[in-house]
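Colleague: Structure file start31.txt (compact mmCIF, C-alpha atoms) is given on the next line.
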```txt
# COMPACT_ATOMS: atom_id res chain seq x y z
CA MET M 234 -53.07 -58.41 57.05
CA ALA M 235 -56.76 -58.30 57.53
CA SER M 236 -57.22 -61.99 57.01
CA GLY M 237 -60.59 -63.62 57.10
CA THR M 238 -60.19 -65.26 60.47
CA VAL M 239 -59.42 -62.03 62.32
CA THR M 240 -62.04 -59.31 62.56
CA SER M 241 -61.03 -55.70 62.15
CA SER M 242 -61.70 -54.82 65.77
CA GLU M 243 -59.78 -57.86 66.94
CA TYR M 244 -56.89 -56.88 64.65
CA ILE M 245 -56.86 -53.33 66.00
CA SER M 246 -57.07 -54.23 69.64
CA HIS M 247 -54.47 -56.95 69.13
CA HIS M 248 -52.06 -54.32 67.92
CA LEU M 249 -52.85 -52.08 70.86
CA THR M 250 -52.37 -54.69 73.58
CA ASN M 251 -49.10 -54.87 75.46
CA LEU M 252 -47.30 -58.01 76.44
CA THR M 253 -47.87 -57.83 80.18
CA PHE M 254 -46.21 -59.92 82.84
CA GLY M 255 -47.52 -59.78 86.37
CA LEU M 256 -49.35 -61.35 89.27
CA HIS M 257 -52.89 -62.22 88.27
CA PRO M 258 -55.29 -62.74 91.22
CA GLU M 259 -56.42 -66.11 89.84
CA ASN M 260 -53.69 -67.30 87.50
CA GLY M 261 -50.71 -66.24 89.62
CA TRP M 262 -47.46 -64.94 88.05
CA GLY M 263 -47.38 -65.07 84.29
CA PHE M 264 -48.11 -63.28 81.05
CA ALA M 265 -51.61 -61.96 80.53
CA HIS M 266 -53.17 -64.17 77.89
CA GLY M 267 -56.78 -64.60 76.99
CA ALA M 268 -58.77 -66.00 74.15
CA ASN M 269 -58.66 -62.64 72.43
CA ALA M 270 -57.14 -59.20 72.85
CA ALA M 271 -60.00 -57.89 74.95
CA GLU M 272 -59.68 -60.74 77.43
CA THR M 273 -55.93 -60.29 77.57
CA ALA M 274 -56.32 -56.60 78.26
CA GLN M 275 -58.86 -57.48 80.93
CA GLN M 276 -56.38 -59.83 82.56
CA ALA M 277 -53.63 -57.24 82.40
CA ALA M 278 -55.97 -54.75 84.06
CA GLU M 279 -56.78 -57.23 86.80
CA MET M 280 -53.06 -57.54 87.55
CA GLY M 281 -53.24 -53.96 88.76
CA PHE M 282 -50.05 -52.03 89.45
CA TRP M 283 -47.79 -55.02 90.02
CA ALA M 284 -47.36 -55.91 86.41
CA ILE M 285 -44.88 -54.89 83.79
CA ASN M 286 -45.30 -54.30 80.09
CA VAL M 287 -42.43 -56.46 78.94
CA ASP M 288 -42.51 -55.33 75.30
CA SER M 289 -42.44 -51.61 76.20
CA MET M 290 -39.60 -52.08 78.68
CA LEU M 291 -37.62 -54.25 76.29
CA TRP M 292 -37.82 -51.84 73.39
CA SER M 293 -37.39 -48.78 75.58
CA VAL M 294 -34.29 -50.08 77.35
CA GLY M 295 -32.97 -51.61 74.13
CA LEU M 296 -33.24 -48.32 72.27
CA GLY M 297 -31.78 -46.47 75.26
CA LEU M 298 -28.83 -48.84 75.21
CA LEU M 299 -28.46 -48.30 71.47
CA PHE M 300 -28.36 -44.57 72.13
CA VAL M 301 -25.77 -44.68 74.93
CA TRP M 302 -23.71 -47.30 73.09
CA PHE M 303 -23.50 -45.24 69.91
CA PHE M 304 -22.85 -41.95 71.65
CA ARG M 305 -20.31 -43.55 73.99
CA LYS M 306 -18.53 -45.11 71.04
CA VAL M 307 -18.22 -41.71 69.41
CA ALA M 308 -17.32 -40.01 72.69
CA LYS M 309 -14.46 -42.46 73.26
CA SER M 310 -12.82 -41.80 69.92
CA VAL M 311 -13.72 -38.11 69.82
CA THR M 312 -11.13 -35.80 68.35
CA SER M 313 -10.83 -32.05 68.27
CA GLY M 314 -9.25 -32.38 64.83
CA VAL M 315 -11.13 -33.19 61.67
CA PRO M 316 -14.21 -35.20 62.71
CA GLY M 317 -15.33 -38.35 60.92
CA GLY M 318 -18.84 -39.14 59.75
CA ALA M 319 -20.24 -40.55 63.00
CA GLN M 320 -18.61 -37.81 65.05
CA ASN M 321 -19.99 -35.17 62.72
CA PHE M 322 -23.46 -36.59 63.16
CA VAL M 323 -23.18 -36.78 66.95
CA GLU M 324 -21.62 -33.33 67.14
CA SER M 325 -24.43 -31.77 65.16
CA ILE M 326 -26.96 -33.29 67.57
CA ILE M 327 -24.96 -32.21 70.61
CA GLU M 328 -24.57 -28.67 69.29
CA PHE M 329 -28.27 -28.50 68.50
CA ILE M 330 -29.13 -29.62 72.05
CA ASP M 331 -26.51 -27.32 73.55
CA ASP M 332 -27.89 -24.34 71.64
CA SER M 333 -31.43 -25.16 72.71
CA VAL M 334 -30.39 -25.49 76.35
CA LYS M 335 -28.30 -22.32 76.31
CA GLY M 336 -31.16 -20.41 74.73
CA ILE M 337 -33.63 -21.38 77.44
CA PHE M 338 -31.71 -22.32 80.54
CA HIS M 339 -29.51 -19.56 81.93
CA HIS M 340 -28.34 -21.12 85.18
CA LYS M 341 -25.32 -23.28 85.73
CA ASN M 342 -26.34 -26.92 85.98
CA PRO M 343 -24.35 -29.74 84.39
CA VAL M 344 -27.35 -32.08 84.46
CA ILE M 345 -29.66 -30.18 82.14
CA ALA M 346 -27.85 -30.57 78.82
CA PRO M 347 -27.17 -34.33 79.08
CA LEU M 348 -30.74 -34.74 80.33
CA ALA M 349 -32.06 -32.91 77.29
CA LEU M 350 -29.83 -34.97 75.00
CA THR M 351 -31.05 -38.22 76.52
CA ILE M 352 -34.69 -37.15 76.29
CA PHE M 353 -34.42 -36.00 72.71
CA VAL M 354 -32.50 -38.91 71.25
CA TRP M 355 -34.18 -41.61 73.30
CA ILE M 356 -37.72 -40.40 72.62
CA PHE M 357 -36.85 -39.91 68.98
CA LEU M 358 -35.63 -43.50 68.72
CA MET M 359 -38.70 -44.82 70.54
CA ASN M 360 -40.97 -42.79 68.28
CA LEU M 361 -39.03 -43.97 65.26
CA MET M 362 -40.25 -47.51 65.88
CA ASP M 363 -43.60 -46.21 64.71
CA LEU M 364 -42.23 -46.18 61.16
CA VAL M 365 -41.42 -49.88 61.21
CA PRO M 366 -44.28 -51.54 59.29
CA ILE M 367 -46.68 -52.47 62.04
CA ASP M 368 -46.99 -56.18 61.29
CA TRP M 369 -43.36 -57.14 60.91
CA VAL M 370 -42.23 -57.46 64.48
CA PRO M 371 -45.55 -58.67 65.96
CA TYR M 372 -45.65 -61.32 63.21
CA ILE M 373 -42.15 -62.57 64.01
CA ALA M 374 -43.01 -62.51 67.72
CA GLY M 375 -46.23 -64.39 66.95
CA GLN M 376 -44.24 -67.07 65.12
CA MET M 377 -42.10 -67.38 68.25
CA GLY M 378 -45.22 -67.91 70.35
CA ILE M 379 -45.46 -64.40 71.77
CA GLY M 380 -49.05 -63.29 71.28
CA TYR M 381 -48.74 -59.58 71.86
CA PHE M 382 -45.79 -57.39 71.03
CA LYS M 383 -46.01 -53.61 70.71
CA ILE M 384 -42.78 -52.14 69.44
CA VAL M 385 -43.42 -48.42 69.95
CA PRO M 386 -42.71 -47.78 73.64
CA THR M 387 -44.04 -44.21 73.49
CA THR M 388 -47.53 -45.51 72.70
CA ASP M 389 -47.50 -46.91 76.23
CA VAL M 390 -48.56 -44.27 78.75
CA ASN M 391 -46.34 -45.92 81.36
CA ILE M 392 -43.25 -45.10 79.33
CA THR M 393 -44.13 -41.46 78.69
CA GLY M 394 -45.40 -41.17 82.26
CA GLY M 395 -42.21 -42.65 83.64
CA MET M 396 -40.17 -39.97 81.92
CA ALA M 397 -42.60 -37.15 82.61
CA PHE M 398 -42.78 -37.91 86.33
CA SER M 399 -38.99 -38.22 86.50
CA VAL M 400 -38.90 -34.72 85.08
CA PHE M 401 -41.50 -33.72 87.66
CA GLY M 402 -39.24 -35.11 90.38
CA LEU M 403 -36.39 -32.98 89.03
CA ILE M 404 -38.64 -29.90 88.96
CA VAL M 405 -39.53 -30.36 92.63
CA TYR M 406 -35.94 -31.24 93.56
CA TYR M 407 -34.41 -28.19 91.90
CA SER M 408 -37.18 -25.88 93.12
CA ILE M 409 -36.44 -26.89 96.70
CA LYS M 410 -32.68 -26.89 96.14
CA GLN M 411 -32.70 -23.39 94.65
CA LYS M 412 -35.29 -21.71 96.88
CA GLY M 413 -35.52 -23.91 99.97
CA ILE M 414 -38.74 -25.55 101.08
CA SER M 415 -40.14 -22.29 102.42
CA GLY M 416 -39.20 -20.42 99.27
CA PHE M 417 -40.82 -23.07 97.13
CA LEU M 418 -43.99 -23.00 99.25
CA LYS M 419 -44.02 -19.19 99.14
CA GLU M 420 -43.76 -19.33 95.38
CA LEU M 421 -46.67 -21.73 95.32
CA SER M 422 -48.93 -19.80 97.72
CA PHE M 423 -48.18 -16.08 97.28
CA GLN M 424 -49.01 -15.80 93.63
CA PRO M 425 -50.75 -15.09 91.34
CA LEU M 426 -53.24 -13.52 93.79
CA PRO M 427 -52.28 -11.49 96.92
CA LYS M 428 -51.16 -13.28 100.06
CA VAL M 429 -54.62 -13.38 101.66
CA PHE M 430 -55.67 -15.91 99.02
CA ALA M 431 -52.80 -18.23 99.93
CA PRO M 432 -54.82 -21.48 100.14
CA PHE M 433 -56.49 -20.78 96.84
CA ASN M 434 -53.14 -19.87 95.27
CA LEU M 435 -51.57 -23.02 96.66
CA PHE M 436 -54.35 -25.15 95.17
CA LEU M 437 -54.03 -23.37 91.84
CA GLU M 438 -50.26 -23.67 91.71
CA ILE M 439 -50.23 -27.32 92.72
CA VAL M 440 -52.70 -28.11 89.98
CA GLY M 441 -50.49 -26.16 87.61
CA LEU M 442 -47.42 -28.01 88.85
CA LEU M 443 -49.04 -31.41 88.42
CA ALA M 444 -50.34 -30.42 85.01
CA LYS M 445 -46.75 -30.18 83.78
CA PRO M 446 -45.82 -33.89 83.93
CA VAL M 447 -49.34 -34.99 83.05
CA SER M 448 -49.37 -32.83 79.93
CA LEU M 449 -45.84 -33.93 79.04
CA ALA M 450 -46.79 -37.59 79.33
CA LEU M 451 -50.16 -37.36 77.65
CA ARG M 452 -49.03 -35.14 74.79
CA LEU M 453 -46.35 -37.58 73.71
CA PHE M 454 -48.49 -40.63 74.39
CA GLY M 455 -51.52 -39.19 72.61
CA ASN M 456 -49.59 -38.18 69.51
CA MET M 457 -47.84 -41.49 69.15
CA TYR M 458 -50.92 -43.54 70.03
CA ALA M 459 -53.00 -41.69 67.47
CA GLY M 460 -50.27 -42.03 64.88
CA GLU M 461 -50.00 -45.73 65.44
CA MET M 462 -53.77 -46.08 65.35
CA ILE M 463 -53.83 -44.51 61.92
CA PHE M 464 -51.13 -46.92 60.71
CA ILE M 465 -53.25 -49.80 62.02
CA LEU M 466 -56.34 -48.49 60.27
CA ILE M 467 -54.39 -48.08 57.05
CA ALA M 468 -53.20 -51.66 57.44
CA LEU M 469 -56.82 -52.79 57.30
CA LEU M 470 -56.99 -51.74 53.67
CA PRO M 471 -56.23 -54.25 50.92
CA PHE M 472 -52.46 -54.63 50.69
CA TRP M 473 -52.23 -53.10 47.20
CA ALA M 474 -53.97 -49.88 48.31
CA GLN M 475 -52.15 -49.36 51.58
CA TRP M 476 -49.22 -47.40 50.16
CA VAL M 477 -51.53 -44.63 48.96
CA LEU M 478 -52.18 -43.65 52.56
CA SER M 479 -49.34 -45.20 54.50
CA VAL M 480 -46.56 -43.50 52.55
CA PRO M 481 -47.88 -39.93 53.00
CA TRP M 482 -48.74 -40.66 56.62
CA ALA M 483 -45.29 -42.11 57.29
CA ILE M 484 -43.63 -39.09 55.70
CA PHE M 485 -45.78 -36.78 57.79
CA HIS M 486 -45.03 -38.91 60.81
CA ILE M 487 -41.30 -38.32 60.40
CA LEU M 488 -42.10 -34.72 61.27
CA VAL M 489 -44.34 -35.73 64.16
CA ILE M 490 -41.86 -38.05 65.84
CA THR M 491 -39.07 -35.49 65.64
CA LEU M 492 -41.34 -32.69 66.77
CA GLN M 493 -42.70 -34.64 69.72
CA ALA M 494 -39.19 -35.55 70.87
CA PHE M 495 -38.19 -31.91 70.51
CA ILE M 496 -41.26 -30.62 72.36
CA PHE M 497 -40.72 -33.01 75.26
CA MET M 498 -37.10 -31.86 75.48
CA VAL M 499 -37.82 -28.15 75.23
CA LEU M 500 -40.63 -28.28 77.77
CA THR M 501 -38.39 -30.18 80.16
CA ILE M 502 -35.73 -27.48 79.83
CA VAL M 503 -38.33 -24.75 80.26
CA TYR M 504 -39.83 -26.36 83.36
CA LEU M 505 -36.40 -26.84 84.91
CA ALA M 506 -35.42 -23.28 84.05
CA MET M 507 -38.59 -22.12 85.80
CA ALA M 508 -37.67 -24.29 88.78
CA HIS M 509 -34.32 -22.48 88.96
CA ASP M 510 -35.75 -18.99 88.54
CA ASP M 511 -36.64 -16.92 91.57
CA HIS M 512 -39.90 -15.12 91.15
CA MET C 98 -53.94 -48.41 79.38
CA ASN C 99 -53.03 -49.67 82.80
CA ILE C 100 -50.61 -47.78 84.93
CA ASN C 101 -48.27 -50.42 86.26
CA LEU C 102 -44.68 -51.11 87.24
CA THR C 103 -43.52 -50.15 83.77
CA ILE C 104 -43.71 -46.50 84.80
CA ILE C 105 -41.17 -47.12 87.56
CA GLY C 106 -39.03 -49.28 85.33
CA GLN C 107 -38.95 -46.55 82.75
CA ALA C 108 -38.10 -43.94 85.39
CA ILE C 109 -35.17 -46.07 86.59
CA ALA C 110 -33.93 -46.64 83.04
CA PHE C 111 -34.30 -42.92 82.33
CA PHE C 112 -32.28 -42.04 85.44
CA LEU C 113 -29.52 -44.49 84.52
CA PHE C 114 -29.28 -43.29 80.92
CA VAL C 115 -29.17 -39.66 82.00
CA VAL C 116 -26.42 -40.36 84.52
CA PHE C 117 -24.43 -42.34 81.95
CA CYS C 118 -24.90 -39.59 79.41
CA MET C 119 -23.85 -36.95 81.92
CA LYS C 120 -20.71 -38.83 82.94
CA TYR C 121 -19.46 -40.52 79.79
CA VAL C 122 -21.05 -38.93 76.74
CA TRP C 123 -21.59 -35.22 77.21
CA PRO C 124 -18.25 -34.07 78.69
CA PRO C 125 -15.87 -35.66 76.16
CA ILE C 126 -17.83 -34.48 73.15
CA THR C 127 -18.42 -30.92 74.35
CA GLY C 128 -14.79 -30.90 75.49
CA ALA C 129 -13.68 -31.77 71.99
CA LEU C 130 -15.96 -29.10 70.55
CA ALA C 131 -14.54 -26.48 72.90
CA GLU C 132 -11.02 -27.59 72.09
CA ARG C 133 -11.68 -27.35 68.37
CA LYS C 134 -13.14 -23.91 68.85
CA LYS C 135 -9.96 -22.89 70.67
CA LYS C 136 -7.80 -24.40 67.95
CA ILE C 137 -9.66 -22.52 65.25
CA ALA C 138 -9.39 -19.28 67.18
CA GLU C 139 -5.67 -19.84 67.62
CA GLY C 140 -5.30 -20.65 63.94
CA LEU C 141 -7.06 -17.44 62.95
CA ASP C 142 -4.89 -15.51 65.40
CA ALA C 143 -1.77 -17.08 63.96
CA ALA C 144 -2.90 -16.18 60.45
CA ASP C 145 -3.49 -12.58 61.51
CA ARG C 146 -0.12 -12.49 63.19
CA ALA C 147 1.58 -13.95 60.14
CA GLU C 148 -0.06 -11.35 57.94
CA ARG C 149 1.12 -8.60 60.24
CA ASP C 150 4.61 -10.09 60.32
CA LEU C 151 4.64 -10.30 56.55
CA LYS C 152 3.67 -6.64 56.27
CA LEU C 153 6.38 -5.67 58.74
CA ALA C 154 8.94 -7.75 56.86
CA GLN C 155 7.93 -6.14 53.58
CA GLU C 156 8.28 -2.69 55.11
CA LYS C 157 11.63 -3.60 56.54
CA ALA C 158 12.77 -4.99 53.21
CA ALA C 159 11.67 -1.80 51.47
CA ASP C 160 13.53 0.26 54.08
CA ASP C 161 16.65 -1.85 53.67
CA MET C 162 16.41 -1.53 49.92
CA ARG C 163 16.10 2.23 50.13
CA SER C 164 18.98 2.63 52.56
CA SER C 165 21.23 0.36 50.53
CA LYS C 166 20.39 2.31 47.41
CA GLU C 167 21.34 5.50 49.22
CA GLU C 168 24.52 3.89 50.43
CA ALA C 169 25.33 2.67 46.97
CA ALA C 170 24.72 6.14 45.57
CA ALA C 171 26.99 7.61 48.23
CA ILE C 172 29.70 5.09 47.43
CA ILE C 173 29.46 5.80 43.72
CA GLU C 174 29.64 9.50 44.34
CA GLN C 175 32.66 9.05 46.54
CA ALA C 176 34.25 6.85 43.93
CA ASN C 177 33.59 9.45 41.26
CA LYS C 178 35.09 12.10 43.45
CA ARG C 179 38.11 9.94 44.13
CA ALA C 180 38.48 9.20 40.45
CA ASN C 181 38.38 12.89 39.63
CA GLN C 182 40.90 13.50 42.32
CA ILE C 183 43.18 10.82 40.91
CA ILE C 184 42.81 12.26 37.46
CA GLU C 185 43.63 15.72 38.78
CA GLU C 186 46.65 14.38 40.58
CA ALA C 187 47.77 12.53 37.49
CA LYS C 188 47.30 15.66 35.43
CA GLU C 189 49.27 17.61 37.97
CA GLN C 190 52.06 15.08 37.95
CA ALA C 191 52.07 14.96 34.18
CA ARG C 192 52.23 18.71 34.04
CA GLU C 193 55.11 18.79 36.48
CA GLU C 194 56.87 16.05 34.56
CA ALA C 195 56.31 17.90 31.35
CA ASN C 196 57.63 21.08 32.89
CA ARG C 197 60.64 19.26 34.18
CA VAL C 198 61.31 17.65 30.81
CA LYS C 199 60.81 20.98 29.14
CA ALA C 200 63.18 22.64 31.59
CA SER C 201 65.84 20.07 31.08
CA ALA C 202 65.37 20.25 27.35
CA GLN C 203 65.67 24.01 27.55
CA ALA C 204 68.80 23.71 29.60
CA GLU C 205 70.29 21.33 27.12
CA LEU C 206 69.26 23.61 24.33
CA ASP C 207 70.82 26.61 26.07
CA GLN C 208 73.95 24.66 26.58
CA GLU C 209 74.11 23.66 22.96
CA ILE C 210 73.40 27.22 21.91
CA ASN C 211 76.22 28.36 24.10
CA GLN C 212 78.49 25.74 22.68
CA ALA C 213 77.51 26.68 19.17
CA ARG C 214 78.03 30.29 20.07
CA GLU C 215 81.48 29.45 21.49
CA ALA C 216 82.35 27.52 18.38
CA LEU C 217 81.06 30.31 16.23
CA ARG C 218 82.94 32.78 18.30
CA ALA C 219 86.09 30.76 17.83
CA GLN C 220 85.59 30.57 14.13
CA VAL C 221 84.53 34.18 13.69
CA GLY C 222 88.03 35.36 14.53
CA VAL C 223 89.59 33.08 11.99
CA LEU C 224 86.98 33.99 9.41
CA ALA C 225 87.41 37.67 10.09
CA ILE C 226 91.11 37.48 9.83
CA ALA C 227 90.86 35.39 6.68
CA GLY C 228 88.52 38.00 5.31
CA ALA C 229 90.70 40.80 6.36
CA GLU C 230 93.66 39.08 4.83
CA LYS C 231 91.79 38.73 1.63
CA ILE C 232 90.69 42.33 1.80
CA LEU C 233 94.07 43.70 2.74
CA GLU C 234 95.92 41.28 0.57
CA ALA C 235 98.70 41.93 2.85
CA SER C 236 100.36 39.90 5.42
CA VAL C 237 99.20 40.72 8.72
CA ASP C 238 100.94 39.79 11.80
CA GLU C 239 98.65 37.26 13.14
CA LYS C 240 99.97 37.53 16.60
CA ALA C 241 99.67 41.31 16.66
CA HIS C 242 96.13 41.28 15.46
CA ALA C 243 94.88 38.17 17.20
CA GLN C 244 94.30 40.21 20.29
CA LEU C 245 92.26 42.62 18.34
CA VAL C 246 90.18 39.93 16.71
CA GLU C 247 89.47 38.23 20.01
CA LYS C 248 88.30 41.48 21.37
CA LEU C 249 86.03 41.78 18.36
CA ALA C 250 84.78 38.26 18.79
CA ALA C 251 84.01 38.89 22.44
CA GLU C 252 81.84 41.69 21.42
CA LEU C 253 79.71 39.40 19.27
```
For the structure just supplied, provide its representation as structure tokens.
Modeller:
Amino acid sequence: MASGTVTSSEYISHHLTNLTFGLHPENGWGFAHGANAAETAQQAAEMGFWAINVDSMLWSVGLGLLFVWFFRKVAKSVTSGVPGGAQNFVESIIEFIDDSVKGIFHHKNPVIAPLALTIFVWIFLMNLMDLVPIDWVPYIAGQMGIGYFKIVPTTDVNITGGMAFSVFGLIVYYSIKQKGISGFLKELSFQPLPKVFAPFNLFLEIVGLLAKPVSLALRLFGNMYAGEMIFILIALLPFWAQWVLSVPWAIFHILVITLQAFIFMVLTIVYLAMAHDDH
Amino acid sequence: MNINLTIIGQAIAFFLFVVFCMKYVWPPITGALAERKKKIAEGLDAADRAERDLKLAQEKAADDMRSSKEEAAAIIEQANKRANQIIEEAKEQAREEANRVKASAQAELDQEINQAREALRAQVGVLAIAGAEKILEASVDEKAHAQLVEKLAAEL
């Protein structure tokens, strides 16, 4: 929808700007809104930490609710007899997750498998929004007077960061729970080099530890952001030529969104397994 | 690309969804899966058992068949033996009966022979005398010679 009144760069940055609600130093509480996308983003940045990306949260929580609603619905009517269609579908996902967890995580912890299931399905659903033609929802929102409306939560680093740092919290929690604070610190300082290099080791290991959530968050964010960017660029083409690129890219993206959800899940399991292991 | 409250909001939502999933989604479904697994294992066990039972039943049936055949053969043999015995007994009885009949017939015959012989004996005297009379052409004192004739007849 590269219409004459909107420049390409304006179109792109419009699609990459979140709907942000927060306390602006000059305008007070309200949605960030400027004359164009750049100004809006500027305002959102000025709000600092005390702002919330309403569109990301809405879609993220909405899709999470869709996930728990559907799975709960199946779980309530679950039968050990002949399963119906929905149960078959859910069971195949659950068995896939269960196999993945059992293959990687060899300790007894009832949290890990449901955690992995939530991560996989939720991230998959959030990624899936990337396949919705990029102008549909923002256009409807625009008609309703909402200027900015991103529908792919995982292209917001806050969303991926929120999950990645929750996982980080679990890593630290289970490390301390399994090994005690001293054990955890020993693990951080007494390797990989001999004990005399403890401060250096500690620095190295803490960097390594922090790299886990950062890489988790940025990998998912980067993949989805880049994917969406390509969809936006394709949308700049004349409408009759778009399908030549958008269809192959969308098909390829089906792989990417599944793979990214899977990678996030597997790495979470691996990190938590490492947190449980004694070295 | 601002880091803002959204990150905390997402963390809270994540926590809540994981807890919900852990409490209300994962256990019932994996429970059902485990239960189905158990059911299938039991079904396979039951099938194995049934097969074994069937084999045992077939063996038992074959055994029963064999033993009843043997029994039947024994009964038939016994029956044959008994039949032979009955036939032998019947033969024996018949033989005895025949012997008895023969003996009585013999006795009767002997008696009749004796009677005939008596009658003959009685008539021989008369015939002899009549012959002698004819030969002698003379009157013979019947009384005087009767004694003689009787003696002759007794010698017959």
Colleague: Identify every residue of chain M that has at least one atom within 8 Å of any atom of chain C, counting all atoms listed in the file, and report the result as a tab-separated table (two decimals) with C-alpha atoms, keeping the file's coordinate frame.
Modeller:
```tsv
chain	number	residue	atom	x	y	z
M	277	ALA	CA	-53.63	-57.24	82.40
M	278	ALA	CA	-55.97	-54.75	84.06
M	281	GLY	CA	-53.24	-53.96	88.76
M	282	PHE	CA	-50.05	-52.03	89.45
M	283	TRP	CA	-47.79	-55.02	90.02
M	284	ALA	CA	-47.36	-55.91	86.41
M	285	ILE	CA	-44.88	-54.89	83.79
M	286	ASN	CA	-45.30	-54.30	80.09
M	289	SER	CA	-42.44	-51.61	76.20
M	290	MET	CA	-39.60	-52.08	78.68
M	293	SER	CA	-37.39	-48.78	75.58
M	294	VAL	CA	-34.29	-50.08	77.35
M	297	GLY	CA	-31.78	-46.47	75.26
M	298	LEU	CA	-28.83	-48.84	75.21
M	301	VAL	CA	-25.77	-44.68	74.93
M	304	PHE	CA	-22.85	-41.95	71.65
M	305	ARG	CA	-20.31	-43.55	73.99
M	308	ALA	CA	-17.32	-40.01	72.69
M	309	LYS	CA	-14.46	-42.46	73.26
M	311	VAL	CA	-13.72	-38.11	69.82
M	312	THR	CA	-11.13	-35.80	68.35
M	313	SER	CA	-10.83	-32.05	68.27
M	314	GLY	CA	-9.25	-32.38	64.83
M	324	GLU	CA	-21.62	-33.33	67.14
M	327	ILE	CA	-24.96	-32.21	70.61
M	343	PRO	CA	-24.35	-29.74	84.39
M	344	VAL	CA	-27.35	-32.08	84.46
M	346	ALA	CA	-27.85	-30.57	78.82
M	347	PRO	CA	-27.17	-34.33	79.08
M	348	LEU	CA	-30.74	-34.74	80.33
M	351	THR	CA	-31.05	-38.22	76.52
M	389	ASP	CA	-47.50	-46.91	76.23
M	390	VAL	CA	-48.56	-44.27	78.75
M	391	ASN	CA	-46.34	-45.92	81.36
M	392	ILE	CA	-43.25	-45.10	79.33
M	393	THR	CA	-44.13	-41.46	78.69
M	394	GLY	CA	-45.40	-41.17	82.26
M	395	GLY	CA	-42.21	-42.65	83.64
M	396	MET	CA	-40.17	-39.97	81.92
M	398	PHE	CA	-42.78	-37.91	86.33
M	399	SER	CA	-38.99	-38.22	86.50
```
Colleague: List the neighbours of Asp368 (chain M) out to 12 Å using all atoms listed in the file; skip same-chain residues closer than 6 positions along the sequence, and give me the result as a PyMOL selection string.
Modeller: chain M and resi 234-235+244-245+247-249+362+374-376+381-384+461+464-465+467-469
Colleague: Every residue with an atom at most 10 Å from (85.8, 38.9, 17.5) (file coordinates; all atoms listed in the file) is what I'm after, so could you write them as a list of chain:residue names?
Modeller: C:Leu217, C:Arg218, C:Ala219, C:Gln220, C:Val221, C:Gly222, C:Val223, C:Leu224, C:Ala225, C:Ile226, C:Ala243, C:Gln244, C:Leu245, C:Val246, C:Glu247, C:Lys248, C:Leu249, C:Ala250, C:Ala251, C:Glu252, C:Leu253
Colleague: Hey, can you check how far CA of Asn456 (chain M) sits from CA of Leu358 (chain M)?
Modeller: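 A separation of 15.0 Å between them.
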Colleague: Between CA of Phe485 (chain M) and CA of Ile463 (chain M), measure the distance and give it in Å to one decimal.
Modeller: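 Taking CA of Phe485 (chain M) as the start and CA of Ile463 (chain M) as the end point, the length is 11.9 Å.
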Colleague: With distances taken over only C-alpha atoms, which residue among M:Ala483, M:Ala494, M:His340, M:Thr501 lies nearest Val400 (chain M)?
Modeller: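 Result for the nearest residue to Val400 (chain M): M:Thr501.
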Colleague: To test the calculation: enclose all listed atoms of region 495-508 of chain M in a box whose edges run along x, y and z, add 8 Å on each side, then state centre and edge lengths in Å to one decimal, as AutoDock Vina command-line options.
Modeller:
```
--center_x -38.3 --center_y -27.6 --center_z 79.6 --size_x 21.8 --size_y 26.9 --size_z 34.3
```
Colleague: Grab the CA of Ile490 (chain M) to CA of Ile367 (chain M) distance for me, in Å with one decimal place.
Modeller: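 So the two atoms, CA of Ile490 (chain M) and CA of Ile367 (chain M), lie 15.7 Å apart.
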Colleague: What lies within 8 Å of Ser246 (chain M) using all atoms listed in the file, ignoring chain neighbours under 3 positions off, as number ranges by chain?
Modeller: M: 242-243, 249-250, 270-271
Colleague: For Arg452 (chain M), find every residue with an atom within 12 Å (counting all atoms listed in the file), except residues of its own chain fewer than 6 positions away, and show them as a PDB file with C-alpha atoms, in the coordinates of the input.
Modeller:
```
ATOM      1  CA  THR M 387     -44.040 -44.210  73.490  1.00  0.00           C
ATOM      2  CA  THR M 388     -47.530 -45.510  72.700  1.00  0.00           C
ATOM      3  CA  ASP M 389     -47.500 -46.910  76.230  1.00  0.00           C
ATOM      4  CA  VAL M 390     -48.560 -44.270  78.750  1.00  0.00           C
ATOM      5  CA  THR M 393     -44.130 -41.460  78.690  1.00  0.00           C
ATOM      6  CA  GLY M 394     -45.400 -41.170  82.260  1.00  0.00           C
ATOM      7  CA  ALA M 397     -42.600 -37.150  82.610  1.00  0.00           C
ATOM      8  CA  ALA M 444     -50.340 -30.420  85.010  1.00  0.00           C
ATOM      9  CA  LYS M 445     -46.750 -30.180  83.780  1.00  0.00           C
ATOM     10  CA  PRO M 446     -45.820 -33.890  83.930  1.00  0.00           C
ATOM     11  CA  TYR M 458     -50.920 -43.540  70.030  1.00  0.00           C
ATOM     12  CA  ALA M 459     -53.000 -41.690  67.470  1.00  0.00           C
ATOM     13  CA  VAL M 489     -44.340 -35.730  64.160  1.00  0.00           C
ATOM     14  CA  ILE M 490     -41.860 -38.050  65.840  1.00  0.00           C
ATOM     15  CA  LEU M 492     -41.340 -32.690  66.770  1.00  0.00           C
ATOM     16  CA  GLN M 493     -42.700 -34.640  69.720  1.00  0.00           C
ATOM     17  CA  ALA M 494     -39.190 -35.550  70.870  1.00  0.00           C
ATOM     18  CA  ILE M 496     -41.260 -30.620  72.360  1.00  0.00           C
ATOM     19  CA  PHE M 497     -40.720 -33.010  75.260  1.00  0.00           C
ATOM     20  CA  LEU M 500     -40.630 -28.280  77.770  1.00  0.00           C
TER      21      LEU M 500
END
```
Colleague: Identify which of the residues M:Val370, M:Leu252, M:Ile404, M:Ile330 lies closest to Met507 (chain M), counting all atoms listed in the file when measuring atom-to-atom distances.
Modeller: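 Of all the options, M:Ile404 lies closest to Met507 (chain M).
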